[in-house]
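Undergrad: There's a structure below that I have some questions on.
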Amino acid sequence: MLEFKQILKKILLKDSSRPAFWLMLGLIFKGIFFLAVILNHPYHDIPGIWGATQGDDSSYLLPIDNLLQHGAYFPDFRMPGYGAVYLLFRLIFSQPEGCNALIILQLILASVSVYYLALTAKYILKKDSAFYYTFYLFLLCSFPNFFDAYIGSESLCTSLLIFSVYFFNRYFQEQKNKYLFHAGCLVTTVMFIRPVFAGVLVISVFLILFQKNTGLKAKLKSIFLFLVIFLLCEGSWIYRNYQTHKQFITFTTSGEFYPEQATSYLKPLFEFTQSWGGVCSYRNIPSDLDWFQYHYKGMTPITHFDSLPDDIYTSAYNKDSLLRLKKMILALQNPSIDTASASAYQYELITKLNKYGLAFKREKPLVYFVIAPLKMMGTMLYSYLTRNYLDRGRSVPVFGKLIIAFNYLIYWIIILTGLPGIIVLTISGLKRLSIFLVVPFIPLYIILVHPVIFRFFDTRFLMPAFPFIIICSAYILVQLGERILHPHTRLQ
């Protein structure tokens, strides 16, 4: 038995400086999850592609296809980061072939990113054990591993963010500006895929500016090298938007909403429902929007969900008021409604929903500003959609239940140790203004900004930050392991 343990240790705990083994292991395991999606014939709306789509793929791909066919990037409510990568393949291949090449690239980058995330953990936490914890937790957790086969921003954004943090860390380790330039290029691409990550640029500049033993001139040079690609790309994007829309637009034209939502009753309906922490994503069942019987085109409406929280009413509205809105929403979804009625209903819905939302915020500030965001954070971390990811394996004969149990075990280990790890590393990083502040900042920022600022908290928004929760988890696991082996050692 002892000999078997030694053999297992020799195989699984090889020197972290031997990349070939770790990269191959990453590709094998990521490839298994990748094939599991493809072989199950996932839903997609593009004939001929291998992977899956999530319903919003056209918002990334259509602007590029229009650019190639008509010479104009439209619709343009998304920044072109993901589309630019797709464009590289569309210059050579047809649309389905380009999508297939894109998901293969996602698989390769995701496989490599596991190793570089683990290296980042080792360099920051100064422990070989942090490398092993991070590598295997990331490799074996089912939650992030299924996005690689999807047309969508999650996988690519996550991999590039990991590489950016790795190079940012290398700069602080070796003080070579080339690493800072690489980090800046990568985080700029990440921001152009998901604009919310502009916050990572801010914290990175902050850490460069306040690094010790470096003169101001050297710091300003480093900041310029880090930001130069961002300044060029963002400047070009602003110029393009001004030429097209005659407006100063730094990120997107319609914020977190689709253009048709931003100008209709849907935006205030979403915002009103989110006032008390209601779920507005149809990936979570039931959604609070089901009470209003709003549904996306092509989806079957859920009619059996007929309850709202009892404490959401204010002096401005009661349940009868909401039932009137519900009737108008149902009427607007009737394709035979006349134009005059549709305009009148739209106007009344927008007016009333905005009024009701303001009343809720004014009369129930504790719920709006504290309880609802906390509820939304909980939904983001664990919800119907999370369970949907973790339940992958149900179709596997004999071992299906065992696989599902393992998925939940890994996920909860990461969450229950990662969240306190975020807090501890953030406090420690603030005290020292240390490089490792960027690691806990990313998940802390994402977990806060989506529920509190945007009040959108779909579980998949957590995905790019999830690997950094794993590093925070590894920190706690390393400390606990040392406490068990050396009981007189205090947690740092």
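Labels for the structure tokens follow display order: chains A, B, ..., residues from 1 in each chain, ligands from 1.
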Determine, counting only C-alpha atoms, which protein, DNA and RNA residues have an atom within 12 Å of an atom of Tyr43 in chain A; residues of the same chain fewer than 6 positions away are not included. Present the result as a ChimeraX atom specification.
TA: /A:37,49-55,57,149-151
Undergrad: Among range 211-249 of chain A, which residues carry a DSSP assignment of helix (DSSP H, G or I), reported as a PyMOL selection string?
TA: chain A and resi 216-245
Undergrad: Pull N, CA, C and O atoms from the residues just selected and write them as a compact mmCIF listing (two decimals), in the first residue's frame.
TA:
```
# COMPACT_ATOMS: atom_id res chain seq x y z
N LEU A 216 9.24 57.04 -9.62
CA LEU A 216 8.02 57.48 -10.30
C LEU A 216 8.16 57.38 -11.81
O LEU A 216 7.22 56.96 -12.50
N LYS A 217 9.34 57.74 -12.33
CA LYS A 217 9.54 57.69 -13.78
C LYS A 217 9.40 56.26 -14.30
O LYS A 217 8.75 56.02 -15.33
N ALA A 218 10.00 55.32 -13.59
CA ALA A 218 9.91 53.91 -13.99
C ALA A 218 8.46 53.42 -13.89
O ALA A 218 7.99 52.64 -14.73
N LYS A 219 7.74 53.87 -12.85
CA LYS A 219 6.34 53.46 -12.69
C LYS A 219 5.49 53.97 -13.85
O LYS A 219 4.65 53.24 -14.39
N LEU A 220 5.70 55.24 -14.23
CA LEU A 220 4.91 55.81 -15.32
C LEU A 220 5.21 55.11 -16.64
O LEU A 220 4.31 54.88 -17.46
N LYS A 221 6.47 54.73 -16.84
CA LYS A 221 6.83 53.97 -18.05
C LYS A 221 6.12 52.62 -18.05
O LYS A 221 5.60 52.18 -19.08
N SER A 222 6.11 51.96 -16.89
CA SER A 222 5.46 50.66 -16.78
C SER A 222 3.96 50.77 -17.03
O SER A 222 3.37 49.93 -17.73
N ILE A 223 3.34 51.81 -16.48
CA ILE A 223 1.90 52.00 -16.68
C ILE A 223 1.60 52.25 -18.15
O ILE A 223 0.62 51.72 -18.70
N PHE A 224 2.46 53.03 -18.81
CA PHE A 224 2.25 53.29 -20.24
C PHE A 224 2.35 51.99 -21.04
O PHE A 224 1.51 51.73 -21.92
N LEU A 225 3.35 51.17 -20.76
CA LEU A 225 3.50 49.90 -21.48
C LEU A 225 2.30 48.99 -21.23
O LEU A 225 1.86 48.26 -22.12
N PHE A 226 1.78 49.02 -20.01
CA PHE A 226 0.64 48.19 -19.68
C PHE A 226 -0.63 48.66 -20.41
O PHE A 226 -1.45 47.85 -20.84
N LEU A 227 -0.76 49.99 -20.56
CA LEU A 227 -2.00 50.56 -21.10
C LEU A 227 -1.94 50.91 -22.58
O LEU A 227 -2.98 51.24 -23.15
N VAL A 228 -0.80 50.82 -23.21
CA VAL A 228 -0.66 51.36 -24.56
C VAL A 228 -1.62 50.68 -25.55
O VAL A 228 -2.27 51.36 -26.36
N ILE A 229 -1.75 49.36 -25.49
CA ILE A 229 -2.66 48.67 -26.41
C ILE A 229 -4.11 49.03 -26.08
O ILE A 229 -4.93 49.24 -26.98
N PHE A 230 -4.41 49.12 -24.80
CA PHE A 230 -5.76 49.53 -24.40
C PHE A 230 -6.08 50.92 -24.94
O PHE A 230 -7.18 51.15 -25.48
N LEU A 231 -5.15 51.87 -24.79
CA LEU A 231 -5.39 53.24 -25.24
C LEU A 231 -5.61 53.29 -26.75
O LEU A 231 -6.49 54.02 -27.23
N LEU A 232 -4.83 52.51 -27.50
CA LEU A 232 -4.99 52.48 -28.95
C LEU A 232 -6.33 51.87 -29.35
O LEU A 232 -7.04 52.42 -30.20
N CYS A 233 -6.66 50.74 -28.74
CA CYS A 233 -7.91 50.05 -29.10
C CYS A 233 -9.14 50.83 -28.64
O CYS A 233 -10.10 50.99 -29.39
N GLU A 234 -9.09 51.31 -27.40
CA GLU A 234 -10.24 52.05 -26.88
C GLU A 234 -10.42 53.37 -27.62
O GLU A 234 -11.55 53.77 -27.92
N GLY A 235 -9.30 54.02 -27.94
CA GLY A 235 -9.39 55.26 -28.72
C GLY A 235 -10.01 55.02 -30.09
O GLY A 235 -10.85 55.79 -30.55
N SER A 236 -9.62 53.93 -30.74
CA SER A 236 -10.18 53.59 -32.05
C SER A 236 -11.66 53.27 -31.94
O SER A 236 -12.46 53.65 -32.80
N TRP A 237 -12.04 52.56 -30.88
CA TRP A 237 -13.44 52.18 -30.67
C TRP A 237 -14.31 53.43 -30.41
O TRP A 237 -15.40 53.55 -30.96
N ILE A 238 -13.80 54.35 -29.60
CA ILE A 238 -14.54 55.58 -29.33
C ILE A 238 -14.68 56.41 -30.61
O ILE A 238 -15.76 56.95 -30.90
N TYR A 239 -13.59 56.50 -31.38
CA TYR A 239 -13.64 57.25 -32.64
C TYR A 239 -14.64 56.63 -33.60
O TYR A 239 -15.46 57.34 -34.22
N ARG A 240 -14.62 55.32 -33.70
CA ARG A 240 -15.55 54.61 -34.59
C ARG A 240 -17.00 54.85 -34.14
O ARG A 240 -17.88 55.10 -34.97
N ASN A 241 -17.25 54.79 -32.85
CA ASN A 241 -18.60 54.99 -32.34
C ASN A 241 -19.08 56.42 -32.57
O ASN A 241 -20.27 56.66 -32.87
N TYR A 242 -18.16 57.37 -32.44
CA TYR A 242 -18.56 58.76 -32.69
C TYR A 242 -18.89 58.98 -34.16
O TYR A 242 -19.85 59.68 -34.50
N GLN A 243 -18.09 58.38 -35.05
CA GLN A 243 -18.36 58.49 -36.48
C GLN A 243 -19.69 57.85 -36.84
O GLN A 243 -20.41 58.35 -37.72
N THR A 244 -20.02 56.76 -36.16
CA THR A 244 -21.24 56.01 -36.48
C THR A 244 -22.48 56.58 -35.81
O THR A 244 -23.53 56.73 -36.44
N HIS A 245 -22.36 56.93 -34.52
CA HIS A 245 -23.54 57.33 -33.74
C HIS A 245 -23.55 58.80 -33.34
O HIS A 245 -24.52 59.25 -32.73
```
Undergrad: Name all residues at most 6 Å from range 463-477 of chain A (count only C-alpha atoms; drop same-chain ones fewer than 4 positions away) and give them as a PyMOL selection string.
TA: chain A and resi 121+130+133-134+158+414+417-418+421-422+439+442-443+481
Undergrad: Quick one: residues within 10 Å of Ala316 in chain A, only C-alpha atoms counted, chain neighbours fewer than 6 positions away excluded, as JSON, numbers by chain?
TA: {"A": [352, 355, 356, 357, 358, 359, 360, 363]}
Undergrad: Skipping near chain neighbours, those fewer than 3 positions away, what residues fall within 10 Å of Asp128 in chain A using only C-alpha atoms, listed as a list in words?
TA: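 These residues fall inside the cut-off: Leu13, Asp15, Ser16, Ala118, Leu119, Ala121, Lys122, Tyr123, Leu125, Phe131, Tyr132, Tyr133 and Val478 of chain A.
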Undergrad: Could you dump the residues just selected with C-alpha atoms as a compact mmCIF listing (two decimals), in the first residue's frame?
TA:
```txt
# COMPACT_ATOMS: atom_id res chain seq x y z
CA LEU A 13 2.77 15.33 -8.06
CA ASP A 15 7.70 18.86 -10.59
CA SER A 16 5.64 21.89 -11.59
CA ALA A 118 -1.57 26.77 -11.01
CA LEU A 119 1.81 28.44 -11.63
CA ALA A 121 -0.93 30.20 -7.38
CA LYS A 122 2.53 28.78 -6.69
CA TYR A 123 4.33 32.08 -7.34
CA LEU A 125 1.39 31.79 -2.36
CA PHE A 131 0.16 24.53 -7.45
CA TYR A 132 -1.26 21.03 -6.99
CA TYR A 133 -4.44 22.14 -5.23
CA VAL A 478 -2.69 24.88 2.12
```
Undergrad: What does the distance from CA of Ser343 in chain A to CA of Phe257 in chain A come to in Å, to one decimal?
TA: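 Atom-to-atom, CA of Ser343 in chain A to CA of Phe257 in chain A, that is 20.4 Å.
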Undergrad: Hey, which of A:Ile104, A:Ile371, A:Leu266, A:Ala331 ends up closest to Ile38 in chain A? Count only C-alpha atoms.
TA: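 Counting only C-alpha atoms, the residue closest to Ile38 in chain A is A:Ile104.
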Undergrad: Near range 88-91 of chain A, counting only C-alpha atoms, which residues have an atom at most 12 Å away, once you skip same-chain residues fewer than 2 positions from it, shown as a compact mmCIF listing (two decimals) with all heavy atoms, in the first residue's frame?
TA:
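Dumped to out-v2.txt:
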```txt
# COMPACT_ATOMS: atom_id res chain seq x y z
N LEU A 61 -21.44 36.90 -33.42
CA LEU A 61 -21.01 36.44 -34.75
C LEU A 61 -21.58 37.28 -35.89
O LEU A 61 -20.88 37.56 -36.86
CB LEU A 61 -21.42 34.97 -34.95
CG LEU A 61 -20.99 33.97 -33.88
CD1 LEU A 61 -21.41 32.57 -34.29
CD2 LEU A 61 -19.49 34.03 -33.63
N LEU A 62 -22.86 37.68 -35.78
CA LEU A 62 -23.51 38.40 -36.87
C LEU A 62 -22.80 39.70 -37.25
O LEU A 62 -22.66 39.99 -38.46
CB LEU A 62 -24.98 38.68 -36.50
CG LEU A 62 -25.82 39.37 -37.57
CD1 LEU A 62 -25.88 38.52 -38.84
CD2 LEU A 62 -27.24 39.64 -37.05
N PRO A 63 -22.32 40.51 -36.27
CA PRO A 63 -21.60 41.73 -36.68
C PRO A 63 -20.38 41.45 -37.54
O PRO A 63 -20.07 42.22 -38.45
CB PRO A 63 -21.20 42.36 -35.34
CG PRO A 63 -22.17 41.82 -34.35
CD PRO A 63 -22.48 40.44 -34.80
N ILE A 64 -19.69 40.34 -37.26
CA ILE A 64 -18.50 39.98 -38.06
C ILE A 64 -18.92 39.50 -39.44
O ILE A 64 -18.30 39.86 -40.46
CB ILE A 64 -17.67 38.91 -37.33
CG1 ILE A 64 -17.20 39.44 -35.96
CG2 ILE A 64 -16.49 38.47 -38.18
CD1 ILE A 64 -16.37 40.69 -36.02
N ASP A 65 -19.96 38.68 -39.50
CA ASP A 65 -20.45 38.22 -40.81
C ASP A 65 -20.92 39.40 -41.65
O ASP A 65 -20.68 39.45 -42.87
CB ASP A 65 -21.60 37.22 -40.61
CG ASP A 65 -21.13 35.91 -40.00
OD1 ASP A 65 -19.97 35.53 -40.24
OD2 ASP A 65 -21.91 35.27 -39.26
N ASN A 66 -21.57 40.38 -41.01
CA ASN A 66 -22.00 41.58 -41.74
C ASN A 66 -20.81 42.43 -42.17
O ASN A 66 -20.84 43.04 -43.25
CB ASN A 66 -22.93 42.41 -40.87
CG ASN A 66 -24.33 41.82 -40.77
OD1 ASN A 66 -24.77 41.12 -41.68
ND2 ASN A 66 -25.02 42.09 -39.68
N LEU A 67 -19.77 42.46 -41.34
CA LEU A 67 -18.57 43.20 -41.70
C LEU A 67 -17.93 42.62 -42.96
O LEU A 67 -17.50 43.36 -43.86
CB LEU A 67 -17.56 43.16 -40.54
CG LEU A 67 -16.23 43.88 -40.75
CD1 LEU A 67 -16.44 45.39 -40.90
CD2 LEU A 67 -15.28 43.59 -39.59
N LEU A 68 -17.91 41.31 -43.05
CA LEU A 68 -17.31 40.64 -44.22
C LEU A 68 -18.19 40.79 -45.46
O LEU A 68 -17.69 40.96 -46.57
CB LEU A 68 -17.09 39.16 -43.92
CG LEU A 68 -16.01 38.84 -42.86
CD1 LEU A 68 -16.02 37.36 -42.52
CD2 LEU A 68 -14.63 39.27 -43.34
N GLN A 69 -19.52 40.75 -45.27
CA GLN A 69 -20.42 40.78 -46.41
C GLN A 69 -20.79 42.19 -46.86
O GLN A 69 -20.96 42.45 -48.05
CB GLN A 69 -21.70 40.00 -46.07
CG GLN A 69 -21.47 38.51 -45.87
CD GLN A 69 -22.72 37.79 -45.40
OE1 GLN A 69 -23.84 38.30 -45.54
NE2 GLN A 69 -22.56 36.60 -44.84
N GLY A 81 -14.41 42.18 -29.10
CA GLY A 81 -13.30 41.33 -28.69
C GLY A 81 -13.47 39.88 -29.12
O GLY A 81 -12.58 39.29 -29.76
N TYR A 82 -14.60 39.27 -28.77
CA TYR A 82 -14.85 37.88 -29.16
C TYR A 82 -14.98 37.77 -30.67
O TYR A 82 -14.47 36.83 -31.29
CB TYR A 82 -16.12 37.38 -28.47
CG TYR A 82 -16.32 35.89 -28.56
CD1 TYR A 82 -15.60 35.01 -27.75
CD2 TYR A 82 -17.24 35.34 -29.45
CE1 TYR A 82 -15.78 33.64 -27.83
CE2 TYR A 82 -17.44 33.97 -29.52
CZ TYR A 82 -16.71 33.12 -28.71
OH TYR A 82 -16.89 31.75 -28.79
N GLY A 83 -15.67 38.74 -31.26
CA GLY A 83 -15.84 38.73 -32.71
C GLY A 83 -14.52 38.84 -33.46
O GLY A 83 -14.38 38.27 -34.55
N ALA A 84 -13.55 39.57 -32.91
CA ALA A 84 -12.26 39.72 -33.59
C ALA A 84 -11.54 38.38 -33.71
O ALA A 84 -10.89 38.10 -34.73
CB ALA A 84 -11.39 40.72 -32.82
N VAL A 85 -11.66 37.55 -32.68
CA VAL A 85 -11.04 36.21 -32.74
C VAL A 85 -11.79 35.35 -33.77
O VAL A 85 -11.17 34.63 -34.56
CB VAL A 85 -11.06 35.54 -31.35
CG1 VAL A 85 -10.40 34.16 -31.41
CG2 VAL A 85 -10.34 36.42 -30.34
N TYR A 86 -13.10 35.44 -33.76
CA TYR A 86 -13.92 34.72 -34.75
C TYR A 86 -13.56 35.17 -36.16
O TYR A 86 -13.50 34.36 -37.10
CB TYR A 86 -15.39 34.97 -34.44
CG TYR A 86 -16.37 34.53 -35.50
CD1 TYR A 86 -16.53 33.18 -35.82
CD2 TYR A 86 -17.17 35.46 -36.16
CE1 TYR A 86 -17.45 32.78 -36.78
CE2 TYR A 86 -18.09 35.07 -37.12
CZ TYR A 86 -18.23 33.73 -37.42
OH TYR A 86 -19.14 33.34 -38.38
N PHE A 93 -12.44 30.38 -43.29
CA PHE A 93 -13.46 29.33 -43.31
C PHE A 93 -14.87 29.91 -43.46
O PHE A 93 -15.09 31.11 -43.30
CB PHE A 93 -13.40 28.51 -42.01
CG PHE A 93 -12.06 27.88 -41.74
CD1 PHE A 93 -11.32 28.26 -40.63
CD2 PHE A 93 -11.55 26.91 -42.58
CE1 PHE A 93 -10.10 27.69 -40.35
CE2 PHE A 93 -10.33 26.32 -42.32
CZ PHE A 93 -9.60 26.72 -41.21
N SER A 94 -15.82 29.02 -43.72
CA SER A 94 -17.24 29.37 -43.71
C SER A 94 -17.68 29.57 -42.27
O SER A 94 -16.92 29.31 -41.32
CB SER A 94 -18.07 28.25 -44.35
OG SER A 94 -17.97 27.06 -43.56
N GLN A 95 -18.93 30.02 -42.07
CA GLN A 95 -19.40 30.28 -40.71
C GLN A 95 -19.32 29.04 -39.80
O GLN A 95 -18.73 29.11 -38.71
CB GLN A 95 -20.81 30.83 -40.72
CG GLN A 95 -21.28 31.26 -39.32
CD GLN A 95 -22.76 31.55 -39.24
OE1 GLN A 95 -23.58 30.78 -39.74
NE2 GLN A 95 -23.11 32.68 -38.64
N PRO A 96 -19.89 27.89 -40.18
CA PRO A 96 -19.80 26.73 -39.27
C PRO A 96 -18.37 26.26 -39.06
O PRO A 96 -17.98 25.89 -37.95
CB PRO A 96 -20.66 25.66 -39.95
CG PRO A 96 -20.85 26.12 -41.35
CD PRO A 96 -20.77 27.60 -41.34
N GLU A 97 -17.55 26.28 -40.13
CA GLU A 97 -16.14 25.88 -39.98
C GLU A 97 -15.39 26.85 -39.08
O GLU A 97 -14.55 26.45 -38.28
CB GLU A 97 -15.48 25.80 -41.36
CG GLU A 97 -16.00 24.66 -42.23
CD GLU A 97 -15.51 24.77 -43.66
OE1 GLU A 97 -15.05 25.88 -44.05
OE2 GLU A 97 -15.60 23.77 -44.39
N GLY A 98 -15.70 28.15 -39.22
CA GLY A 98 -15.07 29.15 -38.36
C GLY A 98 -15.44 28.95 -36.91
O GLY A 98 -14.60 29.09 -36.01
N CYS A 99 -16.71 28.59 -36.66
CA CYS A 99 -17.15 28.32 -35.28
C CYS A 99 -16.46 27.09 -34.72
O CYS A 99 -16.06 27.08 -33.54
CB CYS A 99 -18.67 28.13 -35.25
SG CYS A 99 -19.60 29.64 -35.53
N ASN A 100 -16.30 26.05 -35.54
CA ASN A 100 -15.61 24.85 -35.08
C ASN A 100 -14.15 25.13 -34.75
O ASN A 100 -13.62 24.65 -33.74
CB ASN A 100 -15.71 23.75 -36.14
CG ASN A 100 -17.11 23.21 -36.31
OD1 ASN A 100 -17.92 23.31 -35.39
ND2 ASN A 100 -17.42 22.68 -37.47
N ALA A 101 -13.51 25.94 -35.60
CA ALA A 101 -12.12 26.32 -35.32
C ALA A 101 -12.03 27.14 -34.04
O ALA A 101 -11.08 27.00 -33.25
CB ALA A 101 -11.55 27.11 -36.50
N LEU A 102 -13.04 27.98 -33.81
CA LEU A 102 -13.06 28.83 -32.62
C LEU A 102 -13.16 28.00 -31.34
O LEU A 102 -12.45 28.24 -30.36
CB LEU A 102 -14.22 29.82 -32.70
CG LEU A 102 -14.42 30.79 -31.53
CD1 LEU A 102 -13.15 31.60 -31.26
CD2 LEU A 102 -15.59 31.72 -31.81
N ILE A 103 -14.03 26.99 -31.32
CA ILE A 103 -14.17 26.19 -30.10
C ILE A 103 -12.95 25.29 -29.89
O ILE A 103 -12.60 24.97 -28.75
CB ILE A 103 -15.48 25.38 -30.06
CG1 ILE A 103 -15.56 24.38 -31.21
CG2 ILE A 103 -16.69 26.30 -30.05
CD1 ILE A 103 -16.74 23.43 -31.10
N ILE A 104 -12.28 24.90 -30.97
CA ILE A 104 -11.03 24.14 -30.81
C ILE A 104 -9.96 25.04 -30.17
O ILE A 104 -9.21 24.61 -29.28
CB ILE A 104 -10.54 23.58 -32.17
CG1 ILE A 104 -11.47 22.46 -32.64
CG2 ILE A 104 -9.11 23.05 -32.06
CD1 ILE A 104 -11.18 21.96 -34.02
N LEU A 105 -9.89 26.29 -30.64
CA LEU A 105 -8.97 27.24 -30.02
C LEU A 105 -9.31 27.42 -28.54
O LEU A 105 -8.42 27.47 -27.68
CB LEU A 105 -9.03 28.59 -30.74
CG LEU A 105 -8.19 29.72 -30.11
CD1 LEU A 105 -6.70 29.39 -30.21
CD2 LEU A 105 -8.50 31.06 -30.77
```
Undergrad: With distances taken over only C-alpha atoms, which residue among A:Asp288, A:Asp310, A:Glu482, A:Asp458 lies nearest Thr379 in chain A?
TA: A:Asp458
Undergrad: Restricting the calculation to only C-alpha atoms: of A:Phe436, A:Asp76, A:Tyr294, A:Arg362, which residue gets closest to Asn334 in chain A?
TA: A:Tyr294
Undergrad: With distances taken over only C-alpha atoms, which residue among A:Ser428, A:Ser17, A:Gln274, A:Thr214 lies nearest Phe456 in chain A?
TA: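 Nearest to Phe456 in chain A: A:Gln274.
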Undergrad: Rank nothing, just name the residue among A:Ile447, A:Val398, A:Ile337, A:Ile453 nearest to Phe369 in chain A, using only C-alpha atoms.
TA: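 Of the candidates, the smallest distance to Phe369 in chain A is held by A:Ile453.
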Undergrad: Using Å and a single decimal, report how far CA of Leu186 in chain A sits from CA of Leu207 in chain A.
TA: 17.2 Å
Undergrad: Find the distance between CA of Gly26 in chain A and CA of Pro440 in chain A and write it in Å to one decimal.
TA: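 CA of Pro440 in chain A lies 23.7 Å from CA of Gly26 in chain A.
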Undergrad: Set the distance at 8 Å and use only C-alpha atoms: which residues neighbour range 380-391 of chain A once local chain neighbours fewer than 6 positions away are removed? I'd like the list as a PyMOL selection string.
TA: chain A and resi 142-143+146+283-285+404+407-408+447+457-459+461-462
